[in-house]
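With PDB, C-alpha atoms inside, this is protein19.pdb:
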```
ATOM      1  CA  MET G 957       0.000   0.000   0.000
ATOM      2  CA  SER G 958       1.338   3.380  -1.012
ATOM      3  CA  LEU G 959       1.826   6.271   1.377
ATOM      4  CA  ALA G 960      -1.015   8.207  -0.274
ATOM      5  CA  GLU G 961      -3.440   5.267   0.164
ATOM      6  CA  GLU G 962      -2.464   4.899   3.833
ATOM      7  CA  TYR G 963      -3.081   8.636   4.384
ATOM      8  CA  THR G 964      -6.443   8.444   2.637
ATOM      9  CA  GLU G 965      -7.498   5.425   4.733
ATOM     10  CA  ALA G 966      -6.421   7.179   7.931
ATOM     11  CA  SER G 967      -8.346  10.285   6.936
ATOM     12  CA  ASP G 968     -11.472   8.212   6.254
ATOM     13  CA  ASP G 969     -11.181   6.522   9.659
ATOM     14  CA  SER G 970     -10.763   9.915  11.322
ATOM     15  CA  ARG G 971     -13.851  11.297   9.559
ATOM     16  CA  LEU G 972     -15.843   8.221  10.559
ATOM     17  CA  GLU G 973     -14.846   8.605  14.202
ATOM     18  CA  GLN G 974     -15.729  12.299  14.133
ATOM     19  CA  GLY G 975     -19.079  11.492  12.542
ATOM     20  CA  LEU G 976     -19.896   8.860  15.165
ATOM     21  CA  ALA G 977     -18.911  11.254  17.956
ATOM     22  CA  TYR G 978     -21.111  13.959  16.422
ATOM     23  CA  VAL G 979     -24.083  11.579  16.210
ATOM     24  CA  GLN G 980     -23.570  10.483  19.826
ATOM     25  CA  ARG G 981     -23.443  14.073  21.070
ATOM     26  CA  ASN G 982     -26.562  15.024  19.124
ATOM     27  CA  SER G 983     -28.365  11.871  20.220
ATOM     28  CA  ARG G 984     -27.943  12.903  23.838
ATOM     29  CA  ALA G 985     -29.211  16.389  23.008
ATOM     30  CA  TYR G 986     -32.244  14.989  21.193
ATOM     31  CA  LEU G 987     -33.010  12.684  24.120
ATOM     32  CA  LEU G 988     -32.844  15.609  26.528
ATOM     33  CA  ILE G 989     -35.220  17.807  24.534
ATOM     34  CA  ALA G 990     -37.550  14.944  23.565
ATOM     35  CA  PRO G 991     -39.904  15.330  26.596
ATOM     36  CA  ALA G 992     -40.292  19.061  25.962
ATOM     37  CA  ALA G 993     -40.839  18.451  22.237
ATOM     38  CA  VAL G 994     -43.521  15.837  22.921
ATOM     39  CA  PHE G 995     -45.221  18.180  25.405
ATOM     40  CA  LEU G 996     -45.251  21.056  22.881
ATOM     41  CA  LEU G 997     -46.632  18.809  20.154
ATOM     42  CA  ALA G 998     -49.383  17.603  22.462
ATOM     43  CA  VAL G 999     -50.313  20.982  23.956
ATOM     44  CA  VAL G1000     -49.643  23.290  20.990
ATOM     45  CA  GLY G1001     -49.323  21.242  17.832
ATOM     46  CA  TYR G1002     -52.414  19.058  18.204
ATOM     47  CA  PRO G1003     -54.870  21.956  18.847
ATOM     48  CA  ILE G1004     -53.539  23.805  15.797
ATOM     49  CA  ILE G1005     -53.910  20.738  13.560
ATOM     50  CA  GLU G1006     -57.366  19.986  14.972
ATOM     51  CA  THR G1007     -58.474  23.580  14.366
ATOM     52  CA  PHE G1008     -57.348  23.353  10.731
ATOM     53  CA  ARG G1009     -59.257  20.087  10.349
ATOM     54  CA  LEU G1010     -62.387  21.386  12.064
ATOM     55  CA  SER G1011     -62.485  24.436   9.783
ATOM     56  CA  LEU G1012     -63.169  22.122   6.839
ATOM     57  CA  TYR G1013     -66.309  20.707   8.416
ATOM     58  CA  GLN G1014     -69.789  21.864   9.304
ATOM     59  CA  SER G1015     -69.752  20.960  12.976
ATOM     60  CA  PRO G1016     -72.676  22.075  15.173
ATOM     61  CA  ALA G1017     -71.826  22.283  18.863
ATOM     62  CA  ASP G1018     -74.958  20.332  19.832
ATOM     63  CA  SER G1019     -74.236  17.370  17.554
ATOM     64  CA  ASN G1020     -71.524  14.762  17.044
ATOM     65  CA  ILE G1021     -72.158  14.659  13.292
ATOM     66  CA  GLU G1022     -69.610  16.458  11.113
ATOM     67  CA  THR G1023     -70.198  17.246   7.444
ATOM     68  CA  PHE G1024     -67.226  17.911   5.208
ATOM     69  CA  VAL G1025     -67.645  21.266   3.425
ATOM     70  CA  GLY G1026     -64.085  21.937   2.280
ATOM     71  CA  LEU G1027     -63.258  25.623   1.923
ATOM     72  CA  GLN G1028     -66.869  26.770   2.152
ATOM     73  CA  HIS G1029     -66.341  28.542   5.488
ATOM     74  CA  TYR G1030     -63.356  30.466   4.149
ATOM     75  CA  VAL G1031     -65.213  31.521   0.988
ATOM     76  CA  GLU G1032     -68.186  32.767   3.005
ATOM     77  CA  ILE G1033     -65.939  34.618   5.457
ATOM     78  CA  PHE G1034     -63.966  36.438   2.765
ATOM     79  CA  ASN G1035     -67.187  37.346   0.953
ATOM     80  CA  SER G1036     -68.801  38.857   4.062
ATOM     81  CA  ASP G1037     -68.653  42.514   5.063
ATOM     82  CA  ILE G1038     -68.461  41.538   8.746
ATOM     83  CA  PHE G1039     -64.998  40.057   8.266
ATOM     84  CA  TYR G1040     -63.486  43.251   6.865
ATOM     85  CA  ARG G1041     -65.130  45.351   9.572
ATOM     86  CA  LEU G1042     -63.624  43.001  12.149
ATOM     87  CA  LEU G1043     -60.209  43.375  10.508
ATOM     88  CA  TRP G1044     -60.449  47.159  10.757
ATOM     89  CA  GLN G1045     -61.563  47.072  14.390
ATOM     90  CA  THR G1046     -58.911  44.507  15.310
ATOM     91  CA  GLY G1047     -56.174  46.461  13.522
ATOM     92  CA  ARG G1048     -57.214  49.687  15.250
ATOM     93  CA  TRP G1049     -57.279  47.923  18.613
ATOM     94  CA  VAL G1050     -53.814  46.405  18.118
ATOM     95  CA  VAL G1051     -52.060  49.445  16.617
ATOM     96  CA  VAL G1052     -53.336  51.965  19.179
ATOM     97  CA  GLY G1053     -52.861  49.568  22.088
ATOM     98  CA  VAL G1054     -49.306  48.480  21.222
ATOM     99  CA  ALA G1055     -48.222  52.020  20.307
ATOM    100  CA  GLY G1056     -49.568  53.377  23.599
ATOM    101  CA  LYS G1057     -47.918  50.658  25.681
ATOM    102  CA  THR G1058     -44.607  51.036  23.864
ATOM    103  CA  LEU G1059     -44.393  54.828  24.118
ATOM    104  CA  LEU G1060     -45.551  54.995  27.735
ATOM    105  CA  GLY G1061     -43.393  52.034  28.706
ATOM    106  CA  LEU G1062     -40.301  53.611  27.170
ATOM    107  CA  LEU G1063     -41.033  56.950  28.812
ATOM    108  CA  ILE G1064     -41.492  55.330  32.219
ATOM    109  CA  ALA G1065     -38.378  53.170  31.814
ATOM    110  CA  VAL G1066     -36.201  56.179  30.939
ATOM    111  CA  HIS G1067     -37.406  58.042  34.039
ATOM    112  CA  LEU G1068     -37.056  55.025  36.334
ATOM    113  CA  LYS G1069     -33.481  54.523  35.160
ATOM    114  CA  GLY G1070     -32.594  58.020  36.333
ATOM    115  CA  ASP G1071     -31.541  58.890  39.847
ATOM    116  CA  ILE G1072     -34.932  59.882  41.292
ATOM    117  CA  ARG G1073     -36.192  59.709  44.851
ATOM    118  CA  GLY G1074     -38.239  56.598  45.588
ATOM    119  CA  ARG G1075     -37.016  54.797  42.479
ATOM    120  CA  LYS G1076     -37.340  51.323  44.054
ATOM    121  CA  PHE G1077     -40.856  52.079  45.252
ATOM    122  CA  PHE G1078     -41.995  53.263  41.817
ATOM    123  CA  ARG G1079     -40.406  50.253  40.104
ATOM    124  CA  THR G1080     -42.472  47.981  42.341
ATOM    125  CA  ALA G1081     -45.627  50.092  42.101
ATOM    126  CA  PHE G1082     -45.610  50.066  38.296
ATOM    127  CA  LEU G1083     -45.902  46.264  38.364
ATOM    128  CA  ILE G1084     -49.255  46.363  40.167
ATOM    129  CA  PRO G1085     -51.472  46.927  37.065
ATOM    130  CA  TRP G1086     -49.800  44.005  35.301
ATOM    131  CA  GLY G1087     -50.105  41.744  38.355
ATOM    132  CA  ILE G1088     -53.842  42.306  38.843
ATOM    133  CA  PRO G1089     -56.038  39.831  36.899
ATOM    134  CA  TYR G1090     -57.160  41.434  33.657
ATOM    135  CA  ALA G1091     -60.849  40.832  34.322
ATOM    136  CA  ILE G1092     -60.652  42.688  37.645
ATOM    137  CA  SER G1093     -58.876  45.639  36.018
ATOM    138  CA  ALA G1094     -61.542  45.675  33.304
ATOM    139  CA  VAL G1095     -64.316  45.818  35.915
ATOM    140  CA  VAL G1096     -62.542  48.703  37.666
ATOM    141  CA  PHE G1097     -62.295  50.662  34.410
ATOM    142  CA  ARG G1098     -65.915  49.921  33.621
ATOM    143  CA  TRP G1099     -66.855  51.658  36.858
ATOM    144  CA  ILE G1100     -64.385  54.496  36.281
ATOM    145  CA  GLU G1101     -66.045  55.209  32.920
ATOM    146  CA  HIS G1102     -69.611  54.811  34.238
ATOM    147  CA  PRO G1103     -71.778  57.777  33.097
ATOM    148  CA  GLN G1104     -73.341  58.367  36.543
ATOM    149  CA  PHE G1105     -70.979  56.991  39.190
ATOM    150  CA  GLY G1106     -67.625  56.951  37.402
ATOM    151  CA  TYR G1107     -64.646  59.021  38.561
ATOM    152  CA  LEU G1108     -63.845  60.112  35.010
ATOM    153  CA  ASN G1109     -67.185  61.835  34.481
ATOM    154  CA  ALA G1110     -67.073  63.259  38.000
ATOM    155  CA  ILE G1111     -63.713  64.913  37.303
ATOM    156  CA  LEU G1112     -64.816  66.234  33.910
ATOM    157  CA  LEU G1113     -68.020  67.639  35.417
ATOM    158  CA  LYS G1114     -66.126  69.288  38.255
ATOM    159  CA  LEU G1115     -63.706  70.910  35.822
ATOM    160  CA  GLY G1116     -66.602  72.171  33.719
ATOM    161  CA  ILE G1117     -65.426  70.335  30.604
ATOM    162  CA  ILE G1118     -68.775  68.567  30.191
ATOM    163  CA  GLU G1119     -72.285  69.457  31.350
ATOM    164  CA  GLN G1120     -73.592  65.929  31.849
ATOM    165  CA  GLY G1121     -72.131  62.454  32.189
ATOM    166  CA  ILE G1122     -70.916  60.722  29.039
ATOM    167  CA  GLY G1123     -71.719  57.052  28.537
ATOM    168  CA  ILE G1124     -68.341  56.138  27.035
ATOM    169  CA  LEU G1125     -68.876  52.382  26.894
ATOM    170  CA  GLY G1126     -72.419  52.853  25.577
ATOM    171  CA  ASN G1127     -71.349  55.084  22.704
ATOM    172  CA  PRO G1128     -70.339  53.152  19.540
ATOM    173  CA  SER G1129     -67.888  55.911  18.600
ATOM    174  CA  LEU G1130     -66.152  56.096  22.004
ATOM    175  CA  ALA G1131     -66.441  52.581  23.419
ATOM    176  CA  TRP G1132     -63.340  51.225  21.662
ATOM    177  CA  LEU G1133     -61.295  54.124  23.049
ATOM    178  CA  GLY G1134     -62.526  53.446  26.585
ATOM    179  CA  VAL G1135     -61.543  49.799  26.237
ATOM    180  CA  VAL G1136     -58.128  50.447  24.695
ATOM    181  CA  VAL G1137     -57.237  52.860  27.520
ATOM    182  CA  ALA G1138     -57.819  50.032  29.999
ATOM    183  CA  ASP G1139     -55.678  47.684  27.904
ATOM    184  CA  ILE G1140     -52.847  50.239  27.734
ATOM    185  CA  TRP G1141     -52.969  50.743  31.501
ATOM    186  CA  ILE G1142     -52.747  46.974  32.042
ATOM    187  CA  GLY G1143     -49.973  46.271  29.522
ATOM    188  CA  THR G1144     -47.689  49.283  30.009
ATOM    189  CA  PRO G1145     -45.874  47.920  33.125
ATOM    190  CA  PHE G1146     -44.624  44.887  31.195
ATOM    191  CA  MET G1147     -43.154  47.097  28.486
ATOM    192  CA  ALA G1148     -41.636  49.441  31.073
ATOM    193  CA  ILE G1149     -39.883  46.621  32.943
ATOM    194  CA  ILE G1150     -38.549  45.074  29.724
ATOM    195  CA  PHE G1151     -37.255  48.430  28.485
ATOM    196  CA  LEU G1152     -35.767  49.209  31.890
ATOM    197  CA  ALA G1153     -33.817  45.942  31.809
ATOM    198  CA  GLY G1154     -32.563  46.858  28.337
ATOM    199  CA  LEU G1155     -31.558  50.361  29.442
ATOM    200  CA  GLN G1156     -29.561  49.005  32.359
ATOM    201  CA  SER G1157     -27.556  46.795  30.012
ATOM    202  CA  ILE G1158     -26.320  49.776  27.957
ATOM    203  CA  PRO G1159     -22.717  50.688  28.952
ATOM    204  CA  GLN G1160     -22.634  53.994  30.832
ATOM    205  CA  GLU G1161     -19.343  54.839  29.092
ATOM    206  CA  LEU G1162     -21.250  55.518  25.875
ATOM    207  CA  TYR G1163     -23.252  58.305  27.523
ATOM    208  CA  GLU G1164     -20.174  59.715  29.223
ATOM    209  CA  ALA G1165     -18.286  59.853  25.930
ATOM    210  CA  ALA G1166     -21.272  61.469  24.200
ATOM    211  CA  ALA G1167     -21.560  64.064  26.979
ATOM    212  CA  ILE G1168     -17.874  64.913  26.633
ATOM    213  CA  ASP G1169     -18.417  65.436  22.896
ATOM    214  CA  GLY G1170     -21.230  67.862  23.716
ATOM    215  CA  ALA G1171     -24.176  65.655  22.731
ATOM    216  CA  GLU G1172     -27.477  66.759  24.248
ATOM    217  CA  LYS G1173     -29.894  64.390  26.010
ATOM    218  CA  TRP G1174     -32.095  64.043  22.934
ATOM    219  CA  HIS G1175     -29.135  63.130  20.725
ATOM    220  CA  GLN G1176     -27.926  60.609  23.316
ATOM    221  CA  PHE G1177     -31.373  59.055  23.350
ATOM    222  CA  ARG G1178     -31.618  58.971  19.563
ATOM    223  CA  TYR G1179     -28.127  57.747  18.682
ATOM    224  CA  ILE G1180     -27.291  55.618  21.740
ATOM    225  CA  THR G1181     -30.422  54.514  23.587
ATOM    226  CA  LEU G1182     -32.662  53.615  20.641
ATOM    227  CA  PRO G1183     -30.035  51.661  18.655
ATOM    228  CA  GLN G1184     -28.945  49.778  21.774
ATOM    229  CA  LEU G1185     -32.571  48.921  22.582
ATOM    230  CA  LYS G1186     -33.339  47.665  19.098
ATOM    231  CA  SER G1187     -33.470  43.948  19.937
ATOM    232  CA  VAL G1188     -35.411  44.599  23.155
ATOM    233  CA  VAL G1189     -37.982  46.745  21.343
ATOM    234  CA  LEU G1190     -38.284  44.062  18.660
ATOM    235  CA  ILE G1191     -39.152  41.273  21.078
ATOM    236  CA  ALA G1192     -41.337  43.419  23.364
ATOM    237  CA  THR G1193     -43.472  44.894  20.568
ATOM    238  CA  LEU G1194     -43.817  41.544  18.821
ATOM    239  CA  LEU G1195     -45.018  39.865  22.018
ATOM    240  CA  SER G1196     -47.306  42.795  22.807
ATOM    241  CA  THR G1197     -48.803  42.673  19.316
ATOM    242  CA  ILE G1198     -49.583  38.973  19.613
ATOM    243  CA  TRP G1199     -51.021  39.318  23.116
ATOM    244  CA  THR G1200     -53.123  42.336  22.161
ATOM    245  CA  PHE G1201     -54.405  40.601  19.021
ATOM    246  CA  VAL G1202     -55.605  37.572  20.999
ATOM    247  CA  SER G1203     -56.803  39.629  23.989
ATOM    248  CA  PHE G1204     -60.302  38.627  25.051
ATOM    249  CA  ASP G1205     -60.974  39.251  28.735
ATOM    250  CA  VAL G1206     -60.665  43.058  28.773
ATOM    251  CA  ILE G1207     -63.059  43.638  25.864
ATOM    252  CA  TRP G1208     -65.513  40.954  26.911
ATOM    253  CA  THR G1209     -65.653  42.119  30.535
ATOM    254  CA  MET G1210     -66.099  45.800  29.678
ATOM    255  CA  THR G1211     -68.403  45.731  26.645
ATOM    256  CA  GLY G1212     -68.989  42.156  25.488
ATOM    257  CA  GLY G1213     -68.030  43.346  22.013
ATOM    258  CA  GLY G1214     -70.750  46.025  21.946
ATOM    259  CA  PRO G1215     -72.389  48.377  21.570
ATOM    260  CA  ILE G1216     -73.546  47.273  18.110
ATOM    261  CA  SER G1217     -70.333  45.177  17.830
ATOM    262  CA  SER G1218     -68.262  48.387  17.738
ATOM    263  CA  THR G1219     -65.594  46.908  20.055
ATOM    264  CA  ALA G1220     -65.699  43.362  18.674
ATOM    265  CA  THR G1221     -62.373  42.036  17.441
ATOM    266  CA  LEU G1222     -61.608  38.846  15.565
ATOM    267  CA  VAL G1223     -61.126  36.920  18.827
ATOM    268  CA  ILE G1224     -64.424  38.171  20.256
ATOM    269  CA  HIS G1225     -66.221  37.179  17.048
ATOM    270  CA  ILE G1226     -64.626  33.718  17.149
ATOM    271  CA  TYR G1227     -66.094  33.192  20.611
ATOM    272  CA  GLN G1228     -69.506  34.458  19.555
ATOM    273  CA  VAL G1229     -69.667  32.355  16.386
ATOM    274  CA  GLY G1230     -68.025  29.188  17.663
ATOM    275  CA  LEU G1231     -69.318  28.907  21.222
ATOM    276  CA  GLN G1232     -72.342  31.180  21.611
ATOM    277  CA  ASN G1233     -73.877  30.396  18.209
ATOM    278  CA  GLY G1234     -72.590  26.815  18.162
ATOM    279  CA  ASN G1235     -70.966  26.969  14.713
ATOM    280  CA  LEU G1236     -67.644  25.330  15.568
ATOM    281  CA  GLY G1237     -66.544  24.936  11.951
ATOM    282  CA  ARG G1238     -67.008  28.631  11.139
ATOM    283  CA  GLY G1239     -65.308  29.627  14.413
ATOM    284  CA  ALA G1240     -62.378  27.332  13.597
ATOM    285  CA  ALA G1241     -62.062  28.929  10.146
ATOM    286  CA  TYR G1242     -61.884  32.379  11.756
ATOM    287  CA  SER G1243     -59.237  31.023  14.134
ATOM    288  CA  VAL G1244     -57.131  29.686  11.264
ATOM    289  CA  ILE G1245     -57.324  33.040   9.487
ATOM    290  CA  GLY G1246     -56.269  34.847  12.656
ATOM    291  CA  PHE G1247     -53.383  32.425  13.158
ATOM    292  CA  LEU G1248     -52.179  32.925   9.580
ATOM    293  CA  PHE G1249     -52.392  36.702   9.976
ATOM    294  CA  LEU G1250     -50.194  36.585  13.074
ATOM    295  CA  PHE G1251     -47.760  34.130  11.494
ATOM    296  CA  VAL G1252     -47.305  36.218   8.342
ATOM    297  CA  PHE G1253     -47.078  39.422  10.387
ATOM    298  CA  ALA G1254     -44.340  37.977  12.597
ATOM    299  CA  ILE G1255     -42.259  36.913   9.581
ATOM    300  CA  ILE G1256     -42.659  40.255   7.764
ATOM    301  CA  TYR G1257     -42.055  42.228  10.961
ATOM    302  CA  LEU G1258     -38.828  40.369  11.724
ATOM    303  CA  ARG G1259     -37.569  40.751   8.160
ATOM    304  CA  ILE G1260     -38.306  44.487   7.982
ATOM    305  CA  TYR G1261     -37.024  45.224  11.462
ATOM    306  CA  THR G1262     -33.769  43.318  11.053
ATOM    307  CA  ARG G1263     -33.058  44.656   7.568
ATOM    308  CA  GLY G1264     -29.974  46.833   7.573
ATOM    309  CA  GLY G1265     -28.015  45.053  10.279
ATOM    310  CA  ASP G1266     -27.743  46.896  13.558
ATOM    311  CA  GLU G1267     -29.212  50.164  12.327
ATOM    312  CA  LEU G1268     -32.526  51.179  13.842
TER     313      LEU G1268
END
```
Could you rewrite the structure in this file as structure tokens?
Amino acid sequence: MSLAEEYTEASDDSRLEQGLAYVQRNSRAYLLIAPAAVFLLAVVGYPIIETFRLSLYQSPADSNIETFVGLQHYVEIFNSDIFYRLLWQTGRWVVVGVAGKTLLGLLIAVHLKGDIRGRKFFRTAFLIPWGIPYAISAVVFRWIEHPQFGYLNAILLKLGIIEQGIGILGNPSLAWLGVVVADIWIGTPFMAIIFLAGLQSIPQELYEAAAIDGAEKWHQFRYITLPQLKSVVLIATLLSTIWTFVSFDVIWTMTGGGPISSTATLVIHIYQVGLQNGNLGRGAAYSVIGFLFLFVFAIIYLRIYTRGGDEL
């Protein structure tokens, strides 16, 4: 055997040993994550697959008989005016809610990072709205906005801004605003804490160097704080968008989707169609559409936000 053949054989044996070692290492990793993977498939994967399947059937809630209808539910949904009104109301709810939580959360986080008196107390106090069950907070806001006994109308009357109480939640033009204010109040603490954690991870030397160069506070915020918080803002707003999109308890507790369905979102309509009206197939079709909207949004959002490297 020539020297070249011996070298080739030795190289092949070395590659084989490396391959076996790689397989063994990955086998252990797969075994370790297998329980979690099985749990996720059972708890998350199966409901998603079952929802897709159910959307292809006419399935009354009071019967065990299912009739295959194919894409009939989807065709009827996309041909209905209700669907596009729900999209508008859901989009308005999500955009205003997430924007309000993000801006207020960032403002609060910037102030809590500063050297202010009672900083620890305020950091703890701002967690209270997020720690209270959403349904309880919704009931509190429903009373605050009550036309006769609510604090909001009492303050406005005392200041002379209005002459009589305003039924905010009973007015189709104002009800969505009354509900979204409650949602912003509930969700802002989460955003503030996340942003505060991101702010504390920014090296102080960057601000000191910028101050030496004569940069004002606004320029420090724009060219140091925002770029450094890019990844934090990305995750926080994405999570907030998903949570706000699927939010149910605040709207249902305060208005039940009314008046005249003016505060109904896609999730509220899914509940009404699937469970209250007993049309499980149509409700499942709405659920699939909502899932696809969120999935596509997440992909597009990540691609747009991460385009351009580290630039904000």
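Shortest atom-to-atom contact with Ile1100 in chain G among G:Ala1192, G:Ile1122, G:Ala1241, G:Ile1140: G:Ile1122, counting only C-alpha atoms.
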Practice task
Check the smallest atom-to-atom distance from each of G:Ala1131, G:Ile1245, G:Leu997, G:Val1252 to Ile1216 in chain G using only C-alpha atoms, then report the winner.
Solution key: G:Ala1131
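Nearest-residue note for Thr1262 in chain G: choosing from G:Gln1104, G:Ser1011, G:Thr1023, G:Ser1187, the minimum distance belongs to G:Ser1187, counting all atoms listed in the file.
Take CA of His1225 in chain G and CA of Trp1132 in chain G: the distance between them is 15.1 Å.
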Could the centre and edge lengths of an axis-aligned box, enclosing all atoms of range 1229-1239 of chain G in the file with 3 Å extra on each side, be given in Å to one decimal as lines of an AutoDock Vina configuration file?
```
center_x = -69.6
center_y = 28.6
center_z = 16.4
size_x = 14.6
size_y = 13.4
size_z = 16.5
```
